[in-house]
Every structure is written in structure tokens, then in C-alpha cells.
file structure29.tsv (TSV, C-alpha atoms and all ligand atoms)
chain	number	residue	atom	x	y	z
A	180	MET	CA	-8.33	-9.56	-14.80
A	181	CYS	CA	-6.76	-6.76	-16.79
A	182	GLN	CA	-4.43	-7.14	-19.75
A	183	THR	CA	-1.74	-4.76	-18.53
A	184	CYS	CA	-0.40	-6.38	-15.40
A	185	GLY	CA	0.64	-9.82	-16.61
A	186	CYS	CA	-1.87	-11.50	-14.31
A	187	ALA	CA	-3.60	-12.84	-17.44
A	188	LEU	CA	-0.29	-14.17	-18.80
A	189	PRO	CA	-0.65	-17.89	-19.70
A	190	ASP	CA	1.89	-20.21	-18.07
A	191	HIS	CA	3.70	-21.05	-21.29
A	192	LEU	CA	4.61	-17.37	-21.81
A	193	GLN	CA	6.64	-17.46	-18.64
A	194	HIS	CA	9.11	-19.61	-20.62
A	195	ALA	CA	8.56	-17.80	-23.92
A	196	SER	CA	9.30	-20.19	-26.73
A	197	THR	CA	8.00	-18.53	-29.92
A	198	GLU	CA	8.76	-15.13	-31.40
A	199	HIS	CA	5.24	-14.00	-30.56
A	200	ASP	CA	5.66	-15.09	-26.95
A	201	VAL	CA	9.00	-13.30	-26.65
A	202	HIS	CA	7.39	-10.14	-28.01
A	203	THR	CA	4.57	-10.38	-25.42
A	204	VAL	CA	7.06	-10.74	-22.58
A	205	GLU	CA	9.07	-7.79	-23.92
A	206	VAL	CA	5.95	-5.59	-24.03
A	207	LEU	CA	5.12	-6.49	-20.40
A	208	GLU	CA	8.70	-5.82	-19.30
A	209	GLY	CA	8.52	-2.46	-21.09
A	210	LEU	CA	5.33	-1.59	-19.21
A	211	LYS	CA	6.98	-2.60	-15.94
A	212	SER	CA	10.04	-0.41	-16.48
A	213	HIS	CA	7.80	2.49	-17.57
A	214	ASN	CA	5.86	2.04	-14.31
A	215	ASP	CA	9.04	1.93	-12.23
A	216	ALA	CA	10.25	5.20	-13.78
A	217	ALA	CA	6.89	6.85	-13.04
A	218	ALA	CA	7.03	5.50	-9.47
A	219	ARG	CA	10.49	7.04	-8.95
A	220	HIS	CA	9.11	10.35	-10.21
A	221	ASN	CA	6.16	10.09	-7.77
A	222	ARG	CA	8.53	9.35	-4.88
A	223	GLU	CA	10.53	12.49	-5.73
A	224	HIS	CA	7.31	14.52	-5.50
A	225	PHE	CA	6.41	12.88	-2.17
A	226	ASP	CA	9.89	13.25	-0.66
A	227	ARG	CA	10.18	16.88	-1.73
A	228	ALA	CA	6.86	17.58	-0.01
A	229	GLY	CA	8.03	15.68	3.09
A	230	LEU	CA	4.89	13.61	3.48
A	231	LEU	CA	4.35	9.93	4.28
A	232	VAL	CA	2.63	7.88	1.57
A	233	VAL	CA	0.96	4.61	2.56
A	234	ASN	CA	-0.47	2.14	0.04
A	235	LEU	CA	-3.39	0.06	1.41
A	236	MET	CA	-4.01	-3.29	-0.25
A	237	SER	CA	-6.46	-6.13	0.46
A	238	SER	CA	-9.17	-8.35	-1.00
A	239	PRO	CA	-12.38	-6.51	-1.91
A	240	GLY	CA	-14.29	-5.51	1.20
A	241	ALA	CA	-11.58	-6.23	3.80
A	242	GLY	CA	-12.22	-2.82	5.34
A	243	LYS	CA	-9.81	-0.34	3.71
A	244	THR	CA	-12.27	2.54	3.43
A	245	ARG	CA	-13.74	1.88	6.89
A	246	LEU	CA	-10.22	1.91	8.34
A	247	LEU	CA	-9.51	5.21	6.57
A	248	GLU	CA	-12.70	6.71	7.99
A	249	ALA	CA	-11.71	5.61	11.51
A	250	THR	CA	-8.15	6.86	11.00
A	251	ILE	CA	-9.40	10.26	9.86
A	252	GLU	CA	-11.59	10.47	12.97
A	253	ALA	CA	-8.57	9.70	15.16
A	254	LEU	CA	-5.82	11.67	13.37
A	255	GLY	CA	-7.65	14.25	11.27
A	256	GLY	CA	-7.39	16.94	13.93
A	257	ARG	CA	-3.67	16.38	14.38
A	258	HIS	CA	-2.35	15.77	10.85
A	259	ARG	CA	-3.27	16.90	7.36
A	260	LEU	CA	-4.51	13.84	5.49
A	261	ALA	CA	-5.58	13.04	1.93
A	262	VAL	CA	-6.61	9.91	0.09
A	263	ILE	CA	-6.21	8.64	-3.45
A	264	GLU	CA	-8.98	6.11	-4.04
A	265	GLY	CA	-8.72	3.33	-6.60
A	266	ASP	CA	-11.84	1.49	-7.73
A	267	LEU	CA	-13.00	-0.23	-10.88
A	268	GLU	CA	-16.16	1.81	-11.38
A	269	THR	CA	-17.63	4.03	-8.68
A	270	GLU	CA	-16.73	7.18	-6.79
A	271	ASN	CA	-18.38	5.79	-3.61
A	272	ASP	CA	-15.22	5.44	-1.51
A	273	ALA	CA	-14.00	8.97	-2.34
A	274	ARG	CA	-17.41	10.32	-1.31
A	275	ARG	CA	-17.14	8.52	2.03
A	276	ILE	CA	-13.71	10.10	2.66
A	277	ARG	CA	-14.83	13.60	1.63
A	278	ALA	CA	-17.77	13.25	4.01
A	279	LYS	CA	-15.15	13.13	6.77
A	280	GLY	CA	-13.71	16.47	5.58
A	281	VAL	CA	-10.58	15.08	3.92
A	282	PRO	CA	-9.63	15.63	0.24
A	283	ALA	CA	-10.00	12.50	-1.87
A	284	VAL	CA	-9.18	11.94	-5.53
A	285	GLN	CA	-10.94	9.01	-7.15
A	286	ILE	CA	-9.21	6.95	-9.83
A	287	THR	CA	-11.66	4.72	-11.67
A	288	THR	CA	-9.60	2.07	-13.38
A	289	GLY	CA	-12.31	0.55	-15.61
A	290	SER	CA	-11.11	-3.00	-16.17
A	291	ALA	CA	-7.65	-2.66	-14.57
A	292	CYS	CA	-7.51	-4.56	-11.28
A	293	HIS	CA	-4.68	-2.50	-9.76
A	294	LEU	CA	-3.38	1.05	-9.66
A	295	ASP	CA	-0.22	1.97	-11.55
A	296	ALA	CA	2.24	4.78	-10.97
A	297	THR	CA	0.98	6.91	-13.88
A	298	MET	CA	-2.57	6.89	-12.51
A	299	VAL	CA	-1.25	7.87	-9.08
A	300	HIS	CA	0.88	10.62	-10.62
A	301	ARG	CA	-2.17	12.20	-12.23
A	302	ALA	CA	-4.10	11.99	-8.96
A	303	ALA	CA	-1.18	13.37	-6.93
A	304	HIS	CA	-1.09	16.48	-9.15
A	305	ALA	CA	-4.73	17.09	-8.23
A	306	LEU	CA	-3.69	17.45	-4.55
A	307	SER	CA	-1.64	20.11	-2.76
A	308	LEU	CA	1.11	17.75	-1.59
A	309	ASP	CA	3.00	20.52	0.24
A	310	GLU	CA	0.01	20.97	2.52
A	311	LEU	CA	-0.20	17.30	3.56
A	312	ASP	CA	1.33	15.09	6.25
A	313	ILE	CA	0.03	11.66	5.26
A	314	LEU	CA	-1.32	10.55	1.89
A	315	PHE	CA	-3.13	7.22	1.79
A	316	ILE	CA	-3.57	5.32	-1.44
A	317	GLU	CA	-6.46	2.85	-1.33
A	318	ASN	CA	-5.54	0.32	-3.99
A	319	VAL	CA	-8.11	-1.70	-5.91
A	320	GLY	CA	-9.39	-4.65	-3.85
A	321	ASN	CA	-7.26	-7.53	-5.17
A	322	LEU	CA	-4.57	-9.67	-3.53
A	323	VAL	CA	-2.65	-10.35	-6.75
A	324	CYS	CA	-1.35	-7.64	-9.09
A	325	PRO	CA	-1.31	-4.51	-6.87
A	326	ALA	CA	1.79	-6.03	-5.23
A	327	SER	CA	3.70	-5.89	-8.52
A	328	PHE	CA	3.24	-2.16	-9.16
A	329	ASP	CA	5.43	0.34	-7.33
A	330	LEU	CA	3.43	3.57	-6.97
A	331	GLY	CA	6.16	5.61	-5.29
A	332	GLN	CA	4.74	4.90	-1.82
A	333	HIS	CA	6.89	4.65	1.30
A	334	ALA	CA	5.07	1.69	2.82
A	335	ASN	CA	2.70	-1.10	1.86
A	336	VAL	CA	0.00	-2.10	4.33
A	337	THR	CA	-2.04	-5.23	3.62
A	338	LEU	CA	-5.38	-5.76	5.34
A	339	LEU	CA	-6.58	-9.30	6.05
A	340	SER	CA	-10.12	-9.42	7.41
A	341	THR	CA	-11.05	-12.21	9.79
A	342	PRO	CA	-13.85	-13.72	7.60
A	343	GLU	CA	-11.27	-14.38	4.84
A	344	GLY	CA	-9.38	-17.00	6.86
A	345	ASP	CA	-5.95	-16.88	8.45
A	346	ASP	CA	-4.08	-18.73	5.66
A	347	LYS	CA	-4.08	-15.84	3.12
A	348	PRO	CA	-0.31	-15.12	3.46
A	349	LEU	CA	0.44	-18.66	2.27
A	350	LYS	CA	-1.99	-18.39	-0.66
A	351	TYR	CA	-0.87	-14.92	-1.78
A	352	PRO	CA	2.82	-14.86	-0.84
A	353	VAL	CA	3.81	-12.12	-3.32
A	354	MET	CA	1.33	-9.67	-1.81
A	355	PHE	CA	2.21	-10.49	1.80
A	356	ARG	CA	5.97	-10.49	1.16
A	357	SER	CA	5.66	-6.97	-0.25
A	358	SER	CA	3.92	-5.78	2.95
A	359	ASP	CA	5.61	-3.60	5.54
A	360	LEU	CA	2.68	-4.14	7.89
A	361	VAL	CA	-0.20	-6.63	8.02
A	362	LEU	CA	-3.42	-5.47	9.63
A	363	VAL	CA	-5.84	-8.17	10.70
A	364	THR	CA	-9.18	-6.34	10.49
A	365	LYS	CA	-12.73	-6.93	11.76
A	366	THR	CA	-11.51	-8.49	15.02
A	367	ASP	CA	-14.94	-7.70	16.53
A	368	LEU	CA	-16.09	-10.75	14.52
A	369	LEU	CA	-13.56	-13.11	16.15
A	370	PRO	CA	-16.04	-14.43	18.76
A	371	VAL	CA	-18.13	-15.93	15.95
A	372	LEU	CA	-15.16	-17.03	13.83
A	373	ASP	CA	-13.60	-19.60	16.11
A	374	ASP	CA	-11.24	-20.91	13.41
A	375	PHE	CA	-9.38	-17.63	12.77
A	376	ASP	CA	-6.12	-17.45	14.69
A	377	VAL	CA	-4.13	-14.19	14.70
A	378	GLU	CA	-1.05	-16.12	15.88
A	379	ALA	CA	-1.33	-18.34	12.76
A	380	VAL	CA	-1.10	-15.21	10.56
A	381	LYS	CA	2.13	-14.30	12.38
A	382	GLU	CA	3.50	-17.80	11.84
A	383	HIS	CA	2.64	-17.71	8.13
A	384	MET	CA	4.42	-14.35	7.77
A	385	HIS	CA	7.40	-15.88	9.52
A	386	ARG	CA	7.33	-18.79	7.04
A	387	LEU	CA	7.45	-16.22	4.21
A	388	ALA	CA	10.60	-14.85	5.88
A	389	SER	CA	8.85	-11.52	6.40
A	390	ALA	CA	9.67	-9.35	9.37
A	391	ALA	CA	6.55	-7.19	8.87
A	392	PRO	CA	4.61	-6.70	12.09
A	393	VAL	CA	1.09	-8.15	12.29
A	394	MET	CA	-1.44	-6.00	14.15
A	395	ALA	CA	-5.06	-6.88	14.89
A	396	LEU	CA	-7.81	-4.28	15.10
A	397	SER	CA	-11.45	-3.49	14.54
A	398	SER	CA	-12.34	-0.27	12.76
A	399	LYS	CA	-15.79	-0.55	14.32
A	400	SER	CA	-14.91	-1.08	17.96
A	401	GLY	CA	-11.18	-0.27	18.09
A	402	PRO	CA	-8.68	0.07	19.55
A	403	LEU	CA	-6.54	1.55	16.77
A	404	ASP	CA	-3.61	2.54	18.99
A	405	ALA	CA	-0.89	0.29	17.49
A	406	TRP	CA	-1.84	1.31	13.93
A	407	LEU	CA	-1.88	5.01	14.81
A	408	GLU	CA	1.51	4.72	16.55
A	409	TRP	CA	2.93	2.97	13.48
A	410	LEU	CA	1.72	5.88	11.32
A	411	GLU	CA	3.12	8.47	13.72
A	412	ALA	CA	6.51	6.71	13.73
A	413	GLY	CA	6.54	6.58	9.93
A	414	LEU	CA	5.66	10.26	9.67
A	415	ALA	CA	8.35	11.23	12.19
A	416	GLU	CA	10.86	9.28	10.10
A	417	ARG	CA	9.89	11.09	6.91
A	418	ARG	CA	10.35	14.38	8.73
A	419	ARG	CA	13.85	13.57	10.03
A	420	PRO	CA	16.21	16.11	8.50
A	421	PHE	CA	19.04	15.18	6.17
A	422	ARG	CA	22.18	14.95	8.23
A	423	PRO	CA	25.87	14.32	7.60
A	424	ALA	CA	27.06	10.75	7.99
A	425	PRO	CA	30.71	9.70	8.08
A	426	SER	CA	32.05	7.96	4.97
A	427	PRO	CA	34.50	5.02	5.27
A	428	ASP	CA	37.47	7.30	4.54
A	429	GLY	CA	36.49	9.77	7.22
A	430	GLU	CA	34.97	12.44	4.99
A	431	ARG	CA	31.58	13.85	5.92
A	432	LEU	CA	28.95	13.19	3.28
A	433	LEU	CA	25.36	14.33	3.11
A	434	THR	CA	23.26	11.17	3.15
A	435	ARG	CA	19.81	10.21	4.16
A	436	PRO	CA	19.35	8.56	7.51
A	437	GLY	CA	18.21	4.94	7.39
A	438	LEU	CA	14.51	4.25	7.60
A	439	PRO	CA	13.25	2.46	10.68
A	440	GLY	CA	12.63	-1.27	10.38
A	441	HIS	CA	8.98	-0.91	9.46
A	442	LEU	CA	9.65	1.31	6.45
A	443	ALA	CA	13.05	0.02	5.39
A	444	SER	CA	11.89	-2.54	2.83
A	445	THR	CA	10.35	0.09	0.54
A	446	ALA	CA	13.17	2.58	0.91
A	447	PRO	CA	14.37	3.84	-2.49
B	1	LIG	N1	-17.73	-6.02	11.72
B	1	LIG	C1	-16.91	-5.21	11.05
B	1	LIG	N2	-17.22	-4.83	9.80
B	1	LIG	C2	-16.35	-4.00	9.16
B	1	LIG	C3	-15.16	-3.53	9.75
B	1	LIG	N3	-14.51	-2.75	8.85
B	1	LIG	C4	-15.28	-2.73	7.74
B	1	LIG	N4	-16.39	-3.48	7.92
B	1	LIG	C5	-17.49	-3.70	6.96
B	1	LIG	O1	-17.00	-4.41	5.83
B	1	LIG	C6	-17.62	-3.94	4.64
B	1	LIG	C7	-16.55	-3.49	3.66
B	1	LIG	O2	-15.83	-2.40	4.25
B	1	LIG	P1	-15.05	-1.35	3.36
B	1	LIG	O3	-14.30	-0.45	4.27
B	1	LIG	O4	-15.96	-0.71	2.36
B	1	LIG	O5	-14.04	-2.34	2.59
B	1	LIG	P2	-13.00	-1.96	1.41
B	1	LIG	O6	-11.80	-2.81	1.63
B	1	LIG	O7	-12.80	-0.50	1.35
B	1	LIG	O8	-13.83	-2.48	0.14
B	1	LIG	P3	-13.46	-2.25	-1.43
B	1	LIG	O9	-13.05	-0.82	-1.61
B	1	LIG	O10	-14.75	-2.60	-2.13
B	1	LIG	O11	-12.36	-3.23	-1.73
B	1	LIG	C8	-18.56	-2.81	5.06
B	1	LIG	O12	-19.85	-3.34	5.20
B	1	LIG	C9	-18.00	-2.37	6.41
B	1	LIG	O13	-18.96	-1.80	7.26
B	1	LIG	C10	-14.87	-3.94	11.09
B	1	LIG	O14	-13.86	-3.58	11.72
B	1	LIG	N5	-15.78	-4.77	11.69
B	2	ZN	ZN	-12.95	0.80	-0.28
B	3	ZN	ZN	-4.11	-6.17	-12.68
B	4	ZN	ZN	5.02	15.09	-11.72

call {"tool": "encode", "arguments": {"input": "structure29.tsv", "output": "C-alpha cells"}}
result
Amino acid sequence: MCQTCGCALPDHLQHASTEHDVHTVEVLEGLKSHNDAAARHNREHFDRAGLLVVNLMSSPGAGKTRLLEATIEALGGRHRLAVIEGDLETENDARRIRAKGVPAVQITTGSACHLDATMVHRAAHALSLDELDILFIENVGNLVCPASFDLGQHANVTLLSTPEGDDKPLKYPVMFRSSDLVLVTKTDLLPVLDDFDVEAVKEHMHRLASAAPVMALSSKSGPLDAWLEWLEAGLAERRRPFRPAPSPDGERLLTRPGLPGHLASTAP
């Protein structure tokens, strides 16, 4: 685990008792507020360009890149897509995306097990945001700290692949609570995984008091319809023009329309 996200923070620091401990907590809080400021800046870039930015999170190997490849095949002709790829070491995932004809910027994080807003800012400036409709961020495979770092995205999507077991939302509540959508992936494997229950994932999300929809799909055999419709709805929402809304005292003010349910929880 990396040193910058607090995931290596020993328990006793959570109730900092010594001067040294207090200093450590202060440094981490400083990093967090620095990240949040950078994330706000990113969101301004994204909103000005009018694109939808989706952050994909999961355990390593749950199928993020494969899903992106399938999504590009389905939507690439209709919308202008790009991907920011986060990985510890290699450029492999970015190569796979570029092979599909879509721009991809690789961020290699070294030892950091999550992306932060500053890394995403640098990558975003390497893309022509004005020429895009949807920007995907493939976060580093990890169900812990990516959830704690706002990147400026509009929506968080967490993938849960069937071989991982259906109880992941209970084990990683922070990650799943931060999700606007949960995608159960690799459903083509369900016939040989008789103990994975998609309904149980929905129940666990309910127990976390999350209203995020749970969709099941296979990037290998499809269908991807519900996922693609969710993306289309999110994009349409980003494109809705600013319009006047009545204020309580009857004046007309220029305000942003509310986001639909599936994007509301990450609204600025
Ligand atoms: N059977 C099946 N295998 C899949 C599916 N999606 C992905 N895989 C396989 O799962 C493995 C990991 O897929 P990736 O898309 O690379 O996973 P990832 O989440 O991007 O992995 P990291 O970037 O390393 O975290 C590959 O061998 C894929 O072919 C699926 O829908 N069904
Ligand atoms: Zn990947
Ligand atoms: Zn981390
Ligand atoms: Zn900038």
C-alpha cells in the first residue's frame, strides 16, 4: 500500500495521542484538502468542455479494460471517447484502448495504489477535452483507497466480477457506498459459479443504504444494453443547457438543473 492515501495509517493514529501522531494526521488532512481542490479544478475543466467523466473502480482483474474495449466497440461510432488509464507499472491497458482507435493516456503510479486528482489533471491536459463526449478513468485495481480520492469525475462505477464472491459490498463498504452504479461483470461464468447471487449483491447494497443500481453483464458475451443506456442518460444530462429556475421569492435565477438520480450523489 502507498504512503499517501492513509491506507497504511496504523489504528492508533486514528485517535492521535502524541504530537508526532497529530502531525501525521495533519499532513494527511493537508494532502486530502489539496486533492479536493485539484478535483474541483478538474471538474471545472470537464464541465466547461461539456463531457461526461466516469471513474471505473474494482479489484485487480475484475474486467475494467475489457469492459472499456466492449464499450468502445458499441459506442465508438456514435460518441467521441477517451480513456485515462491508471496502473502501477505498465502501459498495457492504454495500448489495448489505443488498439481500438480511442485516445488513451497512461498514468503509471509506481507504488501508489490509487489515482489522485493531480495525476488526472496532468493526464486531462494531454487530451483535447473539447473534442470529447465521454472520458473514462480506469482507476488502479484496488477496492480500498480509490474511493477516498475525488478526481473531479461525475460518476463512480464499481465493477464486481462474479469469481470474487457476492459479499464484496459488505467487506468494502466505503468503496461501494461511493458508487453511483455497481456492475456485476463476467456473468458468462455464472453457470459454473453456483454460489454467486446477483440478488444478494442488491440486498447488500440496500443494507449499505445505497440507492445505486446494480446491473449484471458480460463483456465477452453481452448484452451491454443497460450499461450503455446508463451512459447515454448520463451524457444527455451533462448536455442539458443551463436554464432559469424560480427562486423562493419569485425572482428568476440562473441555476443548474438537478442531476438525475444516478448521477446526483457526485454532483458538485
Ligand atoms: N469470462 C470472462 N472473462 C472476462 C470478462 N471480462 C474480462 N475478462 C477477463 O478477465 C481478465 C482481466 O480483465 P481486464 O479487463 O484486464 O481486467 P482489469 O480490471 O482491467 O484489470 P487491472 O487493470 O489489472 O485491474 C482478462 O483475462 C479478461 O479477458 C468477462 O465478461 N467474462
Ligand atoms: Zn485494466
Ligand atoms: Zn492508496
Ligand atoms: Zn488545469

call {"tool": "residues_around", "arguments": {"input": "structure29.tsv", "residues": "Trp406 of chain A", "least_positions_apart": "2", "cutoff": "10 Å", "atoms": "only C-alpha atoms", "output": "ChimeraX atom specification"}}
result
/A:250,360,362,394-396,402-404,408-412

call {"tool": "closest_atom_pairs", "arguments": {"input": "structure29.tsv", "of": "chain A", "to": "ligand LIG 1 (chain B)", "cutoff": "10 Å", "atoms": "all atoms listed in the file", "output": "JSON lines"}}
result
{"residue": "A:Leu235", "atom": "CA", "partner": "B:LIG1", "partner_atom": "O6", "distance": 8.9}
{"residue": "A:Met236", "atom": "CA", "partner": "B:LIG1", "partner_atom": "O6", "distance": 8.0}
{"residue": "A:Ser237", "atom": "CA", "partner": "B:LIG1", "partner_atom": "O6", "distance": 6.4}
{"residue": "A:Ser238", "atom": "CA", "partner": "B:LIG1", "partner_atom": "O11", "distance": 6.1}
{"residue": "A:Pro239", "atom": "CA", "partner": "B:LIG1", "partner_atom": "O11", "distance": 3.3}
{"residue": "A:Gly240", "atom": "CA", "partner": "B:LIG1", "partner_atom": "O8", "distance": 3.2}
{"residue": "A:Ala241", "atom": "CA", "partner": "B:LIG1", "partner_atom": "O6", "distance": 4.1}
{"residue": "A:Gly242", "atom": "CA", "partner": "B:LIG1", "partner_atom": "O3", "distance": 3.3}
{"residue": "A:Lys243", "atom": "CA", "partner": "B:LIG1", "partner_atom": "O6", "distance": 3.8}
{"residue": "A:Thr244", "atom": "CA", "partner": "B:LIG1", "partner_atom": "O3", "distance": 3.7}
{"residue": "A:Arg245", "atom": "CA", "partner": "B:LIG1", "partner_atom": "O3", "distance": 3.6}
{"residue": "A:Leu246", "atom": "CA", "partner": "B:LIG1", "partner_atom": "O3", "distance": 6.2}
{"residue": "A:Leu247", "atom": "CA", "partner": "B:LIG1", "partner_atom": "O3", "distance": 7.8}
{"residue": "A:Glu248", "atom": "CA", "partner": "B:LIG1", "partner_atom": "O3", "distance": 8.2}
{"residue": "A:Ala249", "atom": "CA", "partner": "B:LIG1", "partner_atom": "N3", "distance": 9.2}
{"residue": "A:Glu264", "atom": "CA", "partner": "B:LIG1", "partner_atom": "O9", "distance": 8.4}
{"residue": "A:Gly265", "atom": "CA", "partner": "B:LIG1", "partner_atom": "O9", "distance": 7.8}
{"residue": "A:Asp266", "atom": "CA", "partner": "B:LIG1", "partner_atom": "O9", "distance": 6.7}
{"residue": "A:Leu267", "atom": "CA", "partner": "B:LIG1", "partner_atom": "O10", "distance": 9.2}
{"residue": "A:Thr269", "atom": "CA", "partner": "B:LIG1", "partner_atom": "O9", "distance": 9.7}
{"residue": "A:Asn271", "atom": "CA", "partner": "B:LIG1", "partner_atom": "O9", "distance": 8.7}
{"residue": "A:Asp272", "atom": "CA", "partner": "B:LIG1", "partner_atom": "O9", "distance": 6.6}
{"residue": "A:Ala273", "atom": "CA", "partner": "B:LIG1", "partner_atom": "O9", "distance": 9.9}
{"residue": "A:Arg275", "atom": "CA", "partner": "B:LIG1", "partner_atom": "O4", "distance": 9.3}
{"residue": "A:Glu317", "atom": "CA", "partner": "B:LIG1", "partner_atom": "O9", "distance": 7.5}
{"residue": "A:Asn318", "atom": "CA", "partner": "B:LIG1", "partner_atom": "O9", "distance": 8.0}
{"residue": "A:Val319", "atom": "CA", "partner": "B:LIG1", "partner_atom": "O11", "distance": 6.2}
{"residue": "A:Gly320", "atom": "CA", "partner": "B:LIG1", "partner_atom": "O11", "distance": 3.9}
{"residue": "A:Asn321", "atom": "CA", "partner": "B:LIG1", "partner_atom": "O11", "distance": 7.5}
{"residue": "A:Leu338", "atom": "CA", "partner": "B:LIG1", "partner_atom": "O6", "distance": 8.0}
{"residue": "A:Leu339", "atom": "CA", "partner": "B:LIG1", "partner_atom": "O6", "distance": 9.4}
{"residue": "A:Ser340", "atom": "CA", "partner": "B:LIG1", "partner_atom": "C3", "distance": 8.1}
{"residue": "A:Thr341", "atom": "CA", "partner": "B:LIG1", "partner_atom": "N5", "distance": 9.0}
{"residue": "A:Pro342", "atom": "CA", "partner": "B:LIG1", "partner_atom": "N1", "distance": 9.6}
{"residue": "A:Val363", "atom": "CA", "partner": "B:LIG1", "partner_atom": "O14", "distance": 9.3}
{"residue": "A:Thr364", "atom": "CA", "partner": "B:LIG1", "partner_atom": "O14", "distance": 5.6}
{"residue": "A:Lys365", "atom": "CA", "partner": "B:LIG1", "partner_atom": "O14", "distance": 3.5}
{"residue": "A:Thr366", "atom": "CA", "partner": "B:LIG1", "partner_atom": "O14", "distance": 6.4}
{"residue": "A:Asp367", "atom": "CA", "partner": "B:LIG1", "partner_atom": "N5", "distance": 5.7}
{"residue": "A:Leu368", "atom": "CA", "partner": "B:LIG1", "partner_atom": "N1", "distance": 5.7}
{"residue": "A:Leu369", "atom": "CA", "partner": "B:LIG1", "partner_atom": "N1", "distance": 9.3}
{"residue": "A:Ala395", "atom": "CA", "partner": "B:LIG1", "partner_atom": "O14", "distance": 9.9}
{"residue": "A:Leu396", "atom": "CA", "partner": "B:LIG1", "partner_atom": "O14", "distance": 7.0}
{"residue": "A:Ser397", "atom": "CA", "partner": "B:LIG1", "partner_atom": "O14", "distance": 3.7}
{"residue": "A:Ser398", "atom": "CA", "partner": "B:LIG1", "partner_atom": "O14", "distance": 3.8}
{"residue": "A:Lys399", "atom": "CA", "partner": "B:LIG1", "partner_atom": "O14", "distance": 4.4}
{"residue": "A:Ser400", "atom": "CA", "partner": "B:LIG1", "partner_atom": "O14", "distance": 6.8}
{"residue": "A:Gly401", "atom": "CA", "partner": "B:LIG1", "partner_atom": "O14", "distance": 7.7}

call {"tool": "closest_residue", "arguments": {"input": "structure29.tsv", "among": "A:Val299, A:Val371, A:Ala291, A:Ala261", "to": "His220 of chain A", "atoms": "all atoms listed in the file"}}
result
A:Val299

call {"tool": "residues_around", "arguments": {"input": "structure29.tsv", "residues": "Asp346 of chain A", "least_positions_apart": "6", "cutoff": "10 Å", "atoms": "all atoms listed in the file", "output": "list in words"}}
result
Leu339, Phe375, Asp376, Ala379, Val380, Glu382, His383 and Met384 of chain A

call {"tool": "residues_near_ligand", "arguments": {"input": "structure29.tsv", "ligand": "ligand ZN 4 (chain B)", "cutoff": "7 Å", "atoms": "all atoms listed in the file", "output": "PyMOL selection string"}}
result
chain A and resi 220-221+224+300+304

call {"tool": "atom_distance", "arguments": {"input": "structure29.tsv", "atom1": "atom CA of Asp359 of chain A", "atom2": "atom CA of Glu252 of chain A"}}
result
23.4 Å

call {"tool": "closest_residue", "arguments": {"input": "structure29.tsv", "among": "A:Met354, A:Val233, A:Val262, A:Leu306", "to": "ligand ZN 2 (chain B)", "atoms": "all atoms listed in the file"}}
result
A:Val262

call {"tool": "closest_residue", "arguments": {"input": "structure29.tsv", "among": "A:Arg419, A:Lys381, A:His213, A:Arg274", "to": "Asp226 of chain A", "atoms": "all atoms listed in the file"}}
result
A:Arg419
